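As structure tokens, the structure follows; a few thoughts come after it.
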Amino acid sequence: NFAWNSKLLNEFINTYCEESSLKFRDIGIPLRIALTGSTSSPSIVHIMEILGEHQTLDRLNINIDWIKNWLIININYNRCCNQGTGRFC
């Protein structure tokens, strides 16, 4: 069983990022926008805890296509920039 609290949500996200070779900020921005509609908010795991599991998952499911596209575009762009190309690959 997975308890829906900020500590465990943070551990889950960090583990996911580590296993996926991502940084927290790579997924934090799209999560924040999908959940709050804003690029700034309190800690995303605290927002998720306050919203609760049902509301959080509903909002993520509604925005899943947008989140996937954001991640594809931004992570590919950042990887290219980190390789010194300065252009979208």
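Chain labels follow the order of the structure tokens: the first chain is A, the next B, and so on; residue numbering restarts at 1 in every chain, and ligands are counted from 1 in their shown order.
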- DSSP-assigned alpha helix (DSSP H) among chain A, expressed as a PyMOL selection string: chain A and resi 6-19+24-36+44-62+64-82
- Message: Taking only C-alpha atoms into account, name the residue in A:Glu53, A:Leu60, A:Ser43, A:Glu18 that is nearest to Ala3 of chain A.
- Response: A:Glu53
- Query: With distances taken over only C-alpha atoms, which of A:Leu8, A:Ser21, A:Leu31, A:Asp26 is nearest to Arg59 of chain A?
  - Reply: A:Leu31
- Task: For segment 35-41 of chain A, list every protein, DNA or RNA residue within 9 Å, evaluated using only C-alpha atoms, and leave out those in the same chain fewer than 5 positions away; present the list as a list in words.
- Result: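 Contacts, in chain order: Ile29, Pro30, Ile47, Met48, Leu51, Gln55, Thr56, Arg59, Leu60 and Asn63 of chain A.
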Write the residues of the preceding selection, restricted to N, CA and C atoms, as a compact mmCIF listing (two decimals), in the first residue's frame.
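The result, stored in selection-v3.txt:
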# COMPACT_ATOMS: atom_id res chain seq x y z
N ILE A 29 8.07 20.98 -13.29
CA ILE A 29 7.37 22.09 -13.97
C ILE A 29 6.08 21.61 -14.62
N PRO A 30 6.11 20.55 -15.44
CA PRO A 30 4.84 20.12 -16.03
C PRO A 30 3.84 19.60 -15.00
N ILE A 47 1.36 20.15 -2.69
CA ILE A 47 0.15 20.39 -3.48
C ILE A 47 -0.56 19.06 -3.72
N MET A 48 0.20 18.04 -4.10
CA MET A 48 -0.39 16.72 -4.36
C MET A 48 -1.02 16.15 -3.10
N LEU A 51 -4.29 18.17 -2.47
CA LEU A 51 -5.33 17.80 -3.43
C LEU A 51 -5.87 16.41 -3.16
N GLN A 55 -8.06 13.66 -6.71
CA GLN A 55 -8.01 14.92 -7.45
C GLN A 55 -6.69 15.07 -8.22
N THR A 56 -5.59 14.66 -7.61
CA THR A 56 -4.29 14.73 -8.29
C THR A 56 -4.30 13.86 -9.54
N ARG A 59 -6.51 15.28 -12.35
CA ARG A 59 -5.88 16.40 -13.05
C ARG A 59 -4.75 15.92 -13.96
N LEU A 60 -3.98 14.95 -13.50
CA LEU A 60 -2.90 14.42 -14.33
C LEU A 60 -3.45 13.69 -15.55
N ASN A 63 -4.58 16.04 -18.23
CA ASN A 63 -3.47 16.75 -18.88
C ASN A 63 -2.36 15.84 -19.38
